[in-house]
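Peer 1: Provided below: final_17.cif, containing mmCIF, C-alpha atoms and all ligand atoms.
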```
data_model
#
loop_
_atom_site.label_atom_id
_atom_site.label_comp_id
_atom_site.auth_asym_id
_atom_site.auth_seq_id
_atom_site.Cartn_x
_atom_site.Cartn_y
_atom_site.Cartn_z
CA MET A 962 15.07 1.38 -35.98
CA GLY A 963 18.33 0.82 -34.20
CA MET A 964 18.28 -2.93 -34.48
CA ILE A 965 21.77 -3.25 -35.94
CA GLY A 966 24.23 -5.22 -33.92
CA ILE A 967 21.67 -6.47 -31.47
CA GLN A 968 21.58 -10.15 -30.73
CA THR A 969 18.65 -12.14 -31.93
CA LEU A 970 17.23 -15.39 -30.72
CA GLU A 971 18.16 -18.46 -32.62
CA LYS A 972 15.58 -19.30 -35.17
CA ASP A 973 14.11 -22.07 -33.14
CA SER A 974 10.69 -23.50 -33.60
CA SER A 975 9.24 -21.90 -30.52
CA LEU A 976 10.04 -18.41 -31.76
CA ASN A 977 8.58 -19.26 -35.14
CA SER A 978 5.38 -20.38 -33.55
CA ALA A 979 5.29 -17.14 -31.59
CA MET A 980 5.64 -15.16 -34.79
CA ASP A 981 2.94 -17.28 -36.38
CA ASP A 982 0.73 -16.57 -33.41
CA ARG A 983 1.25 -12.86 -33.97
CA VAL A 984 0.43 -13.06 -37.66
CA VAL A 985 -2.64 -15.21 -37.33
CA SER A 986 -3.76 -13.83 -33.98
CA GLU A 987 -6.73 -12.00 -35.53
CA ASP A 988 -8.28 -15.35 -36.32
CA LEU A 989 -7.60 -16.91 -32.93
CA LYS A 990 -11.07 -16.52 -31.56
CA ASP A 991 -11.19 -19.90 -29.89
CA LYS A 992 -9.97 -19.53 -26.31
CA ALA A 993 -8.93 -23.13 -26.09
CA ASP A 994 -6.81 -22.88 -29.22
CA PRO A 995 -3.85 -25.25 -28.82
CA VAL A 996 -1.40 -22.70 -30.25
CA THR A 997 -2.23 -20.18 -27.53
CA ILE A 998 -1.90 -22.73 -24.77
CA LYS A 999 1.29 -24.23 -26.13
CA THR A 1000 3.03 -20.88 -26.43
CA ALA A 1001 1.85 -19.52 -23.08
CA ASP A 1002 4.93 -20.73 -21.21
CA GLN A 1003 7.61 -19.43 -23.54
CA TRP A 1004 6.88 -15.75 -22.99
CA GLY A 1005 8.67 -15.84 -19.69
CA SER A 1006 11.86 -17.03 -21.36
CA TYR A 1007 11.56 -14.15 -23.85
CA LEU A 1008 11.42 -11.74 -20.91
CA GLU A 1009 14.57 -13.42 -19.57
CA ALA A 1010 16.20 -12.86 -22.98
CA ILE A 1011 15.33 -9.15 -22.87
CA LYS A 1012 16.68 -8.97 -19.34
CA SER A 1013 19.98 -10.72 -20.07
CA THR A 1014 20.83 -9.66 -23.64
CA HIS A 1015 18.38 -6.87 -24.60
CA ASP A 1016 17.07 -9.26 -27.23
CA VAL A 1017 14.99 -7.23 -29.69
CA ALA A 1018 13.64 -10.27 -31.56
CA ALA A 1019 12.29 -11.69 -28.31
CA PHE A 1020 10.74 -8.31 -27.54
CA GLU A 1021 9.14 -8.11 -30.96
CA ALA A 1022 7.61 -11.55 -30.45
CA LEU A 1023 6.25 -10.47 -27.04
CA PHE A 1024 4.98 -7.27 -28.59
CA GLY A 1025 3.22 -9.18 -31.35
CA HIS A 1026 1.42 -11.33 -28.84
CA PHE A 1027 0.67 -8.97 -25.97
CA ALA A 1028 0.26 -5.45 -27.41
CA PRO A 1029 -2.95 -6.35 -29.36
CA ARG A 1030 -4.38 -8.01 -26.25
CA ILE A 1031 -3.47 -5.08 -24.00
CA LYS A 1032 -5.14 -2.79 -26.54
CA SER A 1033 -8.23 -4.99 -26.54
CA PHE A 1034 -8.29 -5.06 -22.73
CA LEU A 1035 -8.02 -1.26 -22.55
CA LEU A 1036 -10.77 -0.75 -25.13
CA LYS A 1037 -13.10 -2.92 -23.08
CA SER A 1038 -12.12 -0.94 -19.98
CA GLY A 1039 -13.37 2.28 -21.56
CA ALA A 1040 -10.40 3.74 -23.44
CA ASP A 1041 -10.95 5.14 -26.94
CA THR A 1042 -8.93 3.74 -29.85
CA ASN A 1043 -6.14 6.34 -29.74
CA LEU A 1044 -5.68 6.08 -25.99
CA ALA A 1045 -5.71 2.28 -26.08
CA GLU A 1046 -3.07 2.25 -28.84
CA GLU A 1047 -0.89 4.78 -27.03
CA CYS A 1048 -1.21 3.00 -23.67
CA ALA A 1049 -0.49 -0.43 -25.16
CA GLN A 1050 2.76 0.99 -26.57
CA GLU A 1051 3.66 2.57 -23.25
CA VAL A 1052 2.95 -0.68 -21.41
CA MET A 1053 5.35 -2.48 -23.74
CA VAL A 1054 7.97 0.24 -23.14
CA THR A 1055 7.67 -0.52 -19.41
CA VAL A 1056 7.91 -4.25 -20.12
CA TRP A 1057 11.27 -3.64 -21.80
CA ASN A 1058 12.50 -1.21 -19.16
CA LYS A 1059 11.49 -3.36 -16.19
CA ALA A 1060 12.27 -6.80 -17.62
CA HIS A 1061 15.04 -7.14 -15.00
CA LEU A 1062 12.34 -7.07 -12.30
CA PHE A 1063 10.42 -10.02 -13.75
CA ASP A 1064 10.54 -13.04 -11.44
CA PRO A 1065 9.37 -16.24 -13.21
CA THR A 1066 8.99 -18.05 -9.89
CA ARG A 1067 6.22 -15.66 -8.80
CA ALA A 1068 4.39 -14.64 -11.96
CA SER A 1069 3.89 -15.78 -15.53
CA ALA A 1070 4.70 -13.26 -18.26
CA ALA A 1071 0.97 -12.70 -18.85
CA THR A 1072 0.38 -12.02 -15.14
CA TRP A 1073 3.31 -9.64 -14.91
CA ILE A 1074 2.36 -7.75 -18.06
CA PHE A 1075 -1.24 -7.56 -16.85
CA THR A 1076 -0.11 -5.76 -13.68
CA ILE A 1077 1.74 -3.18 -15.78
CA ALA A 1078 -1.29 -2.73 -18.07
CA ARG A 1079 -3.60 -2.43 -15.07
CA ASN A 1080 -1.46 0.32 -13.55
CA LYS A 1081 -1.32 2.14 -16.88
CA LYS A 1082 -5.11 1.91 -17.06
CA ILE A 1083 -5.53 3.53 -13.63
CA ASP A 1084 -3.03 6.21 -14.56
CA ALA A 1085 -4.52 7.01 -17.97
CA LEU A 1086 -8.24 6.43 -17.46
CA ARG A 1087 -8.69 7.51 -13.86
CA LYS A 1088 -5.83 9.97 -13.54
CA ALA A 1089 -4.94 8.34 -10.25
CA SER A 1090 -1.97 6.42 -8.98
CA ARG A 1091 -2.09 3.00 -7.45
CA PRO A 1092 -0.41 2.47 -4.10
CA GLU A 1093 1.72 -0.67 -4.53
CA PRO A 1094 2.69 -3.12 -1.78
CA ASP A 1095 6.35 -2.89 -0.77
CA GLU A 1096 8.63 -5.15 -2.73
CA LEU A 1097 9.85 -8.15 -0.76
CA PRO A 1098 13.37 -7.82 0.61
CA TRP A 1099 14.51 -10.59 -1.71
CA GLY A 1100 14.27 -9.43 -5.30
CA PRO A 1101 14.43 -11.20 -8.65
CA ASP A 1102 18.24 -10.88 -8.62
CA HIS A 1103 18.67 -14.43 -7.43
CA GLU A 1104 18.96 -17.15 -10.04
CA PRO A 1105 15.40 -18.50 -10.40
CA ASP A 1106 14.99 -22.08 -9.26
CA GLN A 1107 13.76 -24.05 -12.28
CA THR A 1108 11.60 -26.29 -10.09
CA ASP A 1109 9.77 -23.20 -8.87
CA VAL A 1110 9.46 -21.84 -12.40
CA ILE A 1111 7.92 -25.09 -13.64
CA ALA A 1112 5.59 -25.35 -10.65
CA LEU A 1113 4.31 -21.88 -11.38
CA GLN A 1114 3.87 -22.62 -15.09
CA GLN A 1115 1.84 -25.72 -14.28
CA GLU A 1116 -0.30 -23.81 -11.83
CA THR A 1117 -0.83 -21.05 -14.40
CA ASP A 1118 -1.91 -23.61 -17.00
CA ARG A 1119 -4.28 -25.17 -14.51
CA LEU A 1120 -5.77 -21.77 -13.68
CA GLY A 1121 -6.18 -21.01 -17.37
CA ARG A 1122 -8.01 -24.30 -17.96
CA ALA A 1123 -10.19 -23.84 -14.89
CA LEU A 1124 -11.25 -20.39 -16.06
CA ALA A 1125 -11.88 -21.63 -19.59
CA GLU A 1126 -14.10 -24.40 -18.27
CA LEU A 1127 -16.24 -22.12 -16.12
CA PRO A 1128 -19.86 -21.63 -17.08
CA GLU A 1129 -20.23 -18.62 -19.38
CA LYS A 1130 -22.05 -16.59 -16.71
CA GLN A 1131 -19.23 -16.92 -14.18
CA ARG A 1132 -16.53 -16.20 -16.71
CA LYS A 1133 -18.32 -13.04 -17.82
CA LEU A 1134 -18.58 -11.99 -14.20
CA ILE A 1135 -14.82 -12.23 -13.77
CA GLU A 1136 -14.20 -10.35 -17.01
CA ARG A 1137 -16.53 -7.58 -15.93
CA ALA A 1138 -14.67 -7.26 -12.62
CA TYR A 1139 -11.37 -6.79 -14.47
CA PHE A 1140 -12.82 -4.39 -17.04
CA GLY A 1141 -14.10 -2.26 -14.17
CA ASP A 1142 -17.80 -2.86 -14.91
CA LEU A 1143 -18.35 -4.27 -11.44
CA SER A 1144 -17.83 -2.29 -8.23
CA HIS A 1145 -16.25 -3.93 -5.21
CA ARG A 1146 -19.66 -3.80 -3.54
CA GLU A 1147 -21.26 -5.72 -6.40
CA LEU A 1148 -18.35 -8.14 -6.25
CA ALA A 1149 -18.89 -8.67 -2.52
CA ASP A 1150 -22.60 -9.29 -3.07
CA GLU A 1151 -21.86 -11.76 -5.83
CA THR A 1152 -22.11 -15.28 -4.47
CA GLY A 1153 -21.29 -16.92 -7.79
CA LEU A 1154 -17.61 -15.96 -7.77
CA PRO A 1155 -15.65 -19.14 -8.54
CA LEU A 1156 -12.93 -18.55 -5.98
CA GLY A 1157 -12.19 -22.25 -5.71
CA THR A 1158 -10.36 -22.01 -9.04
CA ILE A 1159 -7.56 -19.99 -7.48
CA LYS A 1160 -7.18 -21.77 -4.16
CA SER A 1161 -4.30 -24.03 -5.24
CA ARG A 1162 -2.59 -21.07 -6.92
CA ILE A 1163 -2.79 -19.23 -3.59
CA ARG A 1164 -1.33 -22.21 -1.73
CA LEU A 1165 1.61 -22.37 -4.13
CA ALA A 1166 2.29 -18.64 -3.84
CA LEU A 1167 2.15 -18.82 -0.06
CA GLU A 1168 4.54 -21.76 0.10
CA LYS A 1169 6.91 -19.84 -2.13
CA LEU A 1170 6.73 -16.72 0.04
CA ARG A 1171 7.25 -18.63 3.28
CA HIS A 1172 10.07 -20.69 1.83
CA ALA A 1173 11.87 -17.57 0.62
CA MET A 1174 11.47 -15.73 3.90
CA SER A 1175 12.75 -18.56 6.07
CA MET B 1449 7.74 -6.17 10.63
CA THR B 1450 5.00 -8.25 12.25
CA PRO B 1451 5.84 -9.76 15.62
CA GLN B 1452 2.59 -11.76 15.93
CA PRO B 1453 0.77 -13.57 13.17
CA ILE B 1454 -1.92 -11.52 11.48
CA THR B 1455 -5.40 -12.87 12.11
CA HIS B 1456 -7.69 -10.32 10.39
CA HIS B 1457 -7.29 -10.17 6.62
CA ILE B 1458 -8.68 -8.53 3.51
CA ASP B 1459 -11.64 -10.37 1.99
CA ASP B 1460 -11.56 -11.86 -1.51
CA ALA B 1461 -13.89 -9.32 -3.10
CA LEU B 1462 -11.69 -6.41 -2.00
CA LEU B 1463 -8.49 -8.16 -3.06
CA MET B 1464 -9.99 -8.92 -6.47
CA ALA B 1465 -11.12 -5.31 -6.90
CA TYR B 1466 -7.63 -4.15 -5.87
CA SER B 1467 -6.10 -6.52 -8.41
CA ALA B 1468 -8.50 -5.22 -11.07
CA GLY B 1469 -7.54 -1.67 -10.13
CA THR B 1470 -11.08 -0.44 -9.57
CA LEU B 1471 -10.88 0.80 -5.96
CA PRO B 1472 -10.52 4.41 -4.82
CA GLU B 1473 -6.90 5.32 -4.07
CA ALA B 1474 -7.53 5.60 -0.30
CA PHE B 1475 -8.78 2.00 -0.14
CA SER B 1476 -5.89 0.82 -2.26
CA LEU B 1477 -3.50 2.51 0.16
CA ALA B 1478 -4.84 0.55 3.14
CA ILE B 1479 -4.77 -2.68 1.15
CA ALA B 1480 -1.25 -2.12 -0.18
CA THR B 1481 -0.06 -1.35 3.36
CA HIS B 1482 -1.64 -4.50 4.76
CA ILE B 1483 -0.20 -6.66 1.97
CA SER B 1484 3.22 -5.20 2.69
CA MET B 1485 2.86 -6.78 6.14
CA CYS B 1486 0.95 -9.96 5.24
CA ASP B 1487 2.14 -12.97 3.20
CA GLU B 1488 -1.31 -14.57 3.04
CA CYS B 1489 -2.96 -11.61 1.37
CA ARG B 1490 0.08 -11.13 -0.88
CA ALA B 1491 -0.27 -14.72 -2.07
CA THR B 1492 -3.98 -14.23 -2.73
CA LEU B 1493 -3.33 -10.97 -4.57
CA GLU B 1494 -0.70 -12.63 -6.77
CA SER B 1495 -3.29 -15.26 -7.63
CA PHE B 1496 -5.92 -12.66 -8.52
CA ASP B 1497 -3.28 -10.96 -10.67
CA ALA B 1498 -2.87 -14.31 -12.42
CA VAL B 1499 -6.63 -14.31 -13.09
CA GLY B 1500 -6.26 -10.80 -14.54
CA GLY B 1501 -3.40 -12.03 -16.71
CA GLN B 1502 -5.58 -14.83 -17.98
CA VAL B 1503 -8.48 -12.45 -18.71
CA MET B 1504 -6.12 -10.24 -20.71
CA GLU B 1505 -4.63 -13.27 -22.45
CA ASP B 1506 -8.12 -14.40 -23.52
CA GLN B 1507 -9.03 -11.13 -25.23
CA SER B 1508 -9.44 -11.18 -28.99
CA PRO B 1509 -6.39 -9.26 -30.24
CA VAL B 1510 -7.01 -5.79 -31.71
CA THR B 1511 -4.54 -4.85 -34.44
CA MET B 1512 -1.94 -2.27 -33.46
CA ASN B 1513 -1.01 0.61 -35.80
CA ASP B 1514 1.63 -0.21 -38.43
CA ASP B 1515 4.26 1.97 -36.77
CA ALA B 1516 3.48 0.77 -33.23
CA PHE B 1517 6.59 -1.36 -32.72
CA ALA B 1518 8.92 1.27 -34.18
CA LYS B 1519 7.39 3.93 -31.93
CA THR B 1520 7.74 1.65 -28.92
CA MET B 1521 11.40 0.92 -29.69
CA ALA B 1522 12.00 4.67 -29.95
CA MET B 1523 10.65 5.09 -26.40
CA VAL B 1524 12.41 2.27 -24.56
CA GLY B 1525 15.03 3.17 -21.99
CA LYS B 1526 13.56 6.62 -21.47
CA GLN B 1527 11.16 6.01 -18.59
CA SER B 1528 12.49 6.80 -15.18
CA ILE B 1529 12.03 4.10 -12.57
CA GLN B 1530 11.59 5.57 -9.12
CA ARG B 1531 12.60 3.60 -6.08
CA PRO B 1532 10.45 4.05 -3.00
CA LYS B 1533 12.33 5.27 0.02
CA PRO B 1534 12.62 2.75 2.85
CA ALA B 1535 10.89 3.45 6.16
CA ASN B 1536 11.72 1.99 9.52
CA ASP B 1537 8.44 1.52 11.38
CA ILE B 1538 5.78 1.34 8.64
CA PRO B 1539 5.64 0.00 5.07
CA SER B 1540 7.26 2.31 2.51
CA VAL B 1541 4.04 2.69 0.52
CA LEU B 1542 2.41 4.38 3.52
CA ALA B 1543 5.55 6.31 4.47
CA GLY B 1544 5.40 7.85 0.99
CA TYR B 1545 1.95 9.26 1.73
CA ILE B 1546 2.84 10.44 5.24
CA GLY B 1547 6.19 11.86 4.22
CA GLY B 1548 8.17 9.95 6.84
CA SER B 1549 7.64 7.78 9.87
CA LEU B 1550 4.78 7.79 12.39
CA ASP B 1551 6.90 9.88 14.74
CA ASP B 1552 6.98 12.76 12.23
CA VAL B 1553 3.20 13.07 11.85
CA GLU B 1554 1.71 16.47 12.63
CA TRP B 1555 -1.39 15.40 14.50
CA ARG B 1556 -4.60 17.39 14.96
CA ALA B 1557 -6.23 16.94 18.35
CA LEU B 1558 -9.83 15.73 18.38
CA GLY B 1559 -10.26 15.87 22.17
CA GLY B 1560 -9.76 13.27 24.87
CA GLY B 1561 -6.19 12.65 23.76
CA ILE B 1562 -7.39 11.33 20.42
CA LYS B 1563 -5.65 12.77 17.38
CA GLN B 1564 -5.98 12.43 13.64
CA LYS B 1565 -4.18 13.33 10.47
CA ILE B 1566 -5.91 13.22 7.09
CA ILE B 1567 -3.43 11.92 4.55
CA LEU B 1568 -5.59 11.46 1.46
CA ALA B 1569 -8.95 13.08 0.75
CA GLY B 1570 -10.14 12.06 -2.67
CA GLY B 1571 -13.60 12.57 -4.13
CA ASP B 1572 -14.74 9.08 -3.23
CA ALA B 1573 -12.82 8.08 -0.11
CA THR B 1574 -10.70 9.51 2.70
CA ALA B 1575 -7.65 8.01 4.40
CA ARG B 1576 -6.61 9.24 7.83
CA LEU B 1577 -4.29 8.25 10.63
CA LEU B 1578 -5.94 7.87 14.03
CA TYR B 1579 -4.07 8.07 17.32
CA ILE B 1580 -5.88 6.53 20.30
CA PRO B 1581 -4.13 6.66 23.70
CA ALA B 1582 -3.84 3.35 25.56
CA GLY B 1583 -7.11 2.39 27.24
CA GLN B 1584 -9.12 5.10 25.45
CA SER B 1585 -12.09 4.50 23.17
CA ALA B 1586 -12.23 6.03 19.70
CA PRO B 1587 -14.81 8.73 19.07
CA ASP B 1588 -18.17 7.68 17.71
CA HIS B 1589 -17.60 8.43 14.07
CA GLY B 1590 -20.75 8.08 12.02
CA HIS B 1591 -19.33 6.84 8.77
CA SER B 1592 -21.45 5.90 5.81
CA GLY B 1593 -20.45 3.05 3.58
CA MET B 1594 -17.46 0.81 4.07
CA GLU B 1595 -14.61 1.44 6.48
CA LEU B 1596 -11.19 -0.20 6.63
CA THR B 1597 -9.14 0.11 9.82
CA LEU B 1598 -5.57 -1.15 9.70
CA VAL B 1599 -3.58 -1.29 12.96
CA LEU B 1600 -0.07 0.13 12.58
CA ARG B 1601 1.01 0.26 16.22
CA GLY B 1602 -0.54 -1.02 19.45
CA ALA B 1603 -3.88 -2.84 19.38
CA PHE B 1604 -7.62 -2.29 19.84
CA LYS B 1605 -10.68 -4.28 20.68
CA ASP B 1606 -14.28 -3.80 19.64
CA GLU B 1607 -17.53 -5.76 19.36
CA THR B 1608 -16.15 -7.73 16.42
CA GLY B 1609 -12.76 -8.81 17.77
CA HIS B 1610 -9.23 -7.98 18.86
CA TYR B 1611 -6.96 -6.27 16.32
CA ARG B 1612 -3.17 -6.09 16.58
CA ALA B 1613 -0.47 -4.54 14.40
CA GLY B 1614 -1.01 -5.68 10.81
CA ASP B 1615 -4.65 -6.70 11.34
CA ILE B 1616 -7.31 -5.01 9.24
CA GLU B 1617 -10.95 -4.57 10.19
CA ILE B 1618 -13.52 -4.29 7.43
CA THR B 1619 -16.94 -2.93 8.37
CA ASP B 1620 -19.91 -1.47 6.57
CA ASP B 1621 -22.42 1.04 7.88
CA SER B 1622 -24.60 -1.70 9.36
CA VAL B 1623 -21.96 -2.36 12.02
CA GLU B 1624 -21.94 -0.23 15.16
CA HIS B 1625 -18.51 -0.47 16.69
CA THR B 1626 -16.58 1.33 19.38
CA PRO B 1627 -12.86 0.54 19.23
CA ILE B 1628 -11.00 0.68 22.55
CA ALA B 1629 -7.20 0.80 22.53
CA ASP B 1630 -5.42 -1.88 24.58
CA MET B 1631 -3.75 -0.87 27.81
CA GLY B 1632 0.02 -0.60 27.70
CA GLU B 1633 0.58 1.05 24.32
CA ASP B 1634 -1.03 3.88 22.38
CA CYS B 1635 -2.73 2.68 19.22
CA VAL B 1636 -2.16 4.13 15.76
CA CYS B 1637 -4.42 3.07 12.87
CA LEU B 1638 -4.87 3.86 9.23
CA ALA B 1639 -8.63 4.37 8.75
CA VAL B 1640 -10.26 4.66 5.34
CA THR B 1641 -13.88 5.68 4.85
CA GLU B 1642 -16.09 6.14 1.84
CA ALA B 1643 -17.17 9.71 1.37
CA PRO B 1644 -20.92 10.26 1.43
CA ILE B 1645 -21.24 11.08 -2.24
CA ARG B 1646 -24.58 9.47 -2.96
CA PHE B 1647 -26.63 12.52 -2.02
CA THR B 1648 -24.54 14.84 -4.13
CA SER B 1649 -24.73 12.74 -7.23
CA VAL B 1650 -28.50 12.32 -6.94
CA PHE B 1651 -28.76 16.07 -6.42
CA TYR B 1652 -26.79 16.80 -9.57
CA ARG B 1653 -28.71 14.22 -11.51
CA ALA B 1654 -31.93 16.00 -10.53
CA LEU B 1655 -30.56 19.31 -11.80
CA GLN B 1656 -29.39 17.95 -15.11
CA PRO B 1657 -32.57 18.49 -17.13
CA PHE B 1658 -32.75 22.14 -16.06
CA PHE B 1659 -29.16 23.19 -16.54
CA LYS B 1660 -28.21 20.79 -19.28
CA ILE B 1661 -24.98 19.90 -17.45
ZN ZN C 1701 -3.75 -10.45 5.24
#
```
Any chance you could give the structure as structure tokens?
Peer 2:
Amino acid sequence: MGMIGIQTLEKDSSLNSAMDDRVVSEDLKDKADPVTIKTADQWGSYLEAIKSTHDVAAFEALFGHFAPRIKSFLLKSGADTNLAEECAQEVMVTVWNKAHLFDPTRASAATWIFTIARNKKIDALRKASRPEPDELPWGPDHEPDQTDVIALQQETDRLGRALAELPEKQRKLIERAYFGDLSHRELADETGLPLGTIKSRIRLALEKLRHAMS
Amino acid sequence: MTPQPITHHIDDALLMAYSAGTLPEAFSLAIATHISMCDECRATLESFDAVGGQVMEDQSPVTMNDDAFAKTMAMVGKQSIQRPKPANDIPSVLAGYIGGSLDDVEWRALGGGIKQKIILAGGDATARLLYIPAGQSAPDHGHSGMELTLVLRGAFKDETGHYRAGDIEITDDSVEHTPIADMGEDCVCLAVTEAPIRFTSVFYRALQPFFKI
């Protein structure tokens, strides 16, 4: 498998818990499971490890966590089992290849991987491409400011909790929008969209953009 | 790229649908072009992407095949990453569809000095560039469904407001509007309309029992 001579992460407890999460993930039905929440923040540092040292162990941990969820997401979006499996693998290939573009001050690992999975979904299921906004003139080459990274992690946690605490009906509505079961017209007609849950996330992102451009 | 602040933005439902990846390509093109010029909508999009990330995160995992990781490792490093070419006067994402800058467009005259160029005609939506000379009003185009009009150069005014470079107007078929280009500079817009596909699909649905299609 070509893993000889490649650096591995130290066997620290966070990696172990990630591995555990992979092994037991089939049983993690409870959305508020403390293991899932606790490990949510470390995935970004695994992406950093892939970026800086091509760390295969970090990639395997990411794969163990995200590939089964990408597959699940694609199945619910209308892919058959073979296509979902194939696409989940291809998404993870892109995660490895583009790890150097990951910017932890602007997206969590889950957010960033979602955007790759979403684009793969459009490509594979709709045979279309997705026009992407231009990249900002400042890329992820700069050393990420840890204060910004932590602020984003906290905001991501808050968003996760807010979504988890939504009434079932509203949460299902959001899921349906992301699975493609809801057209933009239906979305526009939908008055129950809980947009308040993302307002502070938007403010943070805007501050970050304005700060970086000035 | 934007001299004045942008005052007309993309609404939340459209940004969420763009984040989810469920819009026709022509609509996505107008939205991606606007976001390239607009920090506010970029920040909102990034937040909707975070919602998408959370939705994906919350899915019950589905077991991958036994050889999935090995197959993935065998593929890494083999995808090509293309870099979009930079454009001078418009966002690169749009330049990619036009094949250059606004000055290179091969316009088709519509009469009265107004010109257009269709740049994307999909099954469900059409994207075109519209050229309206300064002071002129745009032709009465009876569109059905939603229309997005993004100003790329110059400015126009209609019953709903004043739109300058970077602003996007979102209308549905209930809105009657006659855009008039500002004096002083010719106006160039990216206009996206839904194709009238409803009739066709109903027609085909009606035929289904007879032809077993
Ligand atoms: Zn905007």
Peer 1: Rounded to one decimal in Å, what is the spacing between CA of Gly1121 (chain A) and CA of Asp1506 (chain B)?
Peer 2: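 Those two atoms sit 9.2 Å apart.
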Peer 1: At what distance in Å, to one decimal, does CA of Ser1476 (chain B) lie from CA of Gly1561 (chain B)?
Peer 2: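 Computing it gives 28.6 Å between the two atoms.
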Peer 1: Hey, which residues come within 9 Å of ligand ZN 1701 (chain C) if we count only C-alpha atoms and all ligand atoms? Could you give them as a ChimeraX atom specification?
Peer 2: /B:1454-1459,1479,1482-1483,1485-1490,1492,1614-1616
Peer 1: As a list in words, could you give me every residue of chain A near chain B (at most 6 Å apart, counting only C-alpha atoms)?
Peer 2: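 The selection requested is Glu987, Pro1029, Arg1030, Ser1033, Phe1034, Gln1050, Val1054, Asn1058, Ala1071, Thr1072, Phe1075, Pro1092, Glu1093, Pro1094, Asp1095, Tyr1139, Gly1141, His1145, Leu1148, Ala1149, Arg1162, Ile1163, Ala1166 and Leu1167 of chain A.
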Peer 1: Near Leu1124 (chain A), counting only C-alpha atoms, which residues have an atom at most 10 Å away, once you skip same-chain residues fewer than 6 positions from it, shown as a PDB file with C-alpha atoms, in the coordinates of the input?
Peer 2:
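out20.pdb written:
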```pdb
ATOM      1  CA  ASP A1118      -1.910 -23.610 -17.000  1.00  0.00           C
ATOM      2  CA  GLN A1131     -19.230 -16.920 -14.180  1.00  0.00           C
ATOM      3  CA  ARG A1132     -16.530 -16.200 -16.710  1.00  0.00           C
ATOM      4  CA  ILE A1135     -14.820 -12.230 -13.770  1.00  0.00           C
ATOM      5  CA  PRO A1155     -15.650 -19.140  -8.540  1.00  0.00           C
ATOM      6  CA  THR A1158     -10.360 -22.010  -9.040  1.00  0.00           C
ATOM      7  CA  ILE A1159      -7.560 -19.990  -7.480  1.00  0.00           C
TER       8      ILE A1159
ATOM      9  CA  VAL B1499      -6.630 -14.310 -13.090  1.00  0.00           C
ATOM     10  CA  GLN B1502      -5.580 -14.830 -17.980  1.00  0.00           C
ATOM     11  CA  VAL B1503      -8.480 -12.450 -18.710  1.00  0.00           C
TER      12      VAL B1503
END
```
Peer 1: Need to verify the contact set: Pro1581 (chain B), 9 Å, only C-alpha atoms, exclusion of same-chain residues closer than 6 positions in sequence. Can you return it as an MDAnalysis selection string?
Peer 2: chainID B and resid 1560:1563 1629:1631 1633:1636
Peer 1: Store the residues picked out above, limited to C-alpha atoms, as a CSV table (one decimal), keeping the file's coordinate frame.
Peer 2:
```csv
chain,number,residue,atom,x,y,z
B,1560,GLY,CA,-9.8,13.3,24.9
B,1561,GLY,CA,-6.2,12.6,23.8
B,1562,ILE,CA,-7.4,11.3,20.4
B,1563,LYS,CA,-5.6,12.8,17.4
B,1629,ALA,CA,-7.2,0.8,22.5
B,1630,ASP,CA,-5.4,-1.9,24.6
B,1631,MET,CA,-3.8,-0.9,27.8
B,1633,GLU,CA,0.6,1.0,24.3
B,1634,ASP,CA,-1.0,3.9,22.4
B,1635,CYS,CA,-2.7,2.7,19.2
B,1636,VAL,CA,-2.2,4.1,15.8
```
Peer 1: CA of Thr1076 (chain A) and CA of Leu1035 (chain A), how far apart in Å?
Peer 2: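 CA of Thr1076 (chain A) lies at a distance of 12.7 Å from CA of Leu1035 (chain A).
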Peer 1: Can you pull out every residue within 9 Å of Trp1073 (chain A), counting only C-alpha atoms, but drop anything in the same chain fewer than 4 positions away, and send it as a VMD selection string?
Peer 2: (chain A and resid 1056 1063 to 1064 1068 to 1069 1077 to 1078) or (chain B and resid 1497 to 1498 1501)
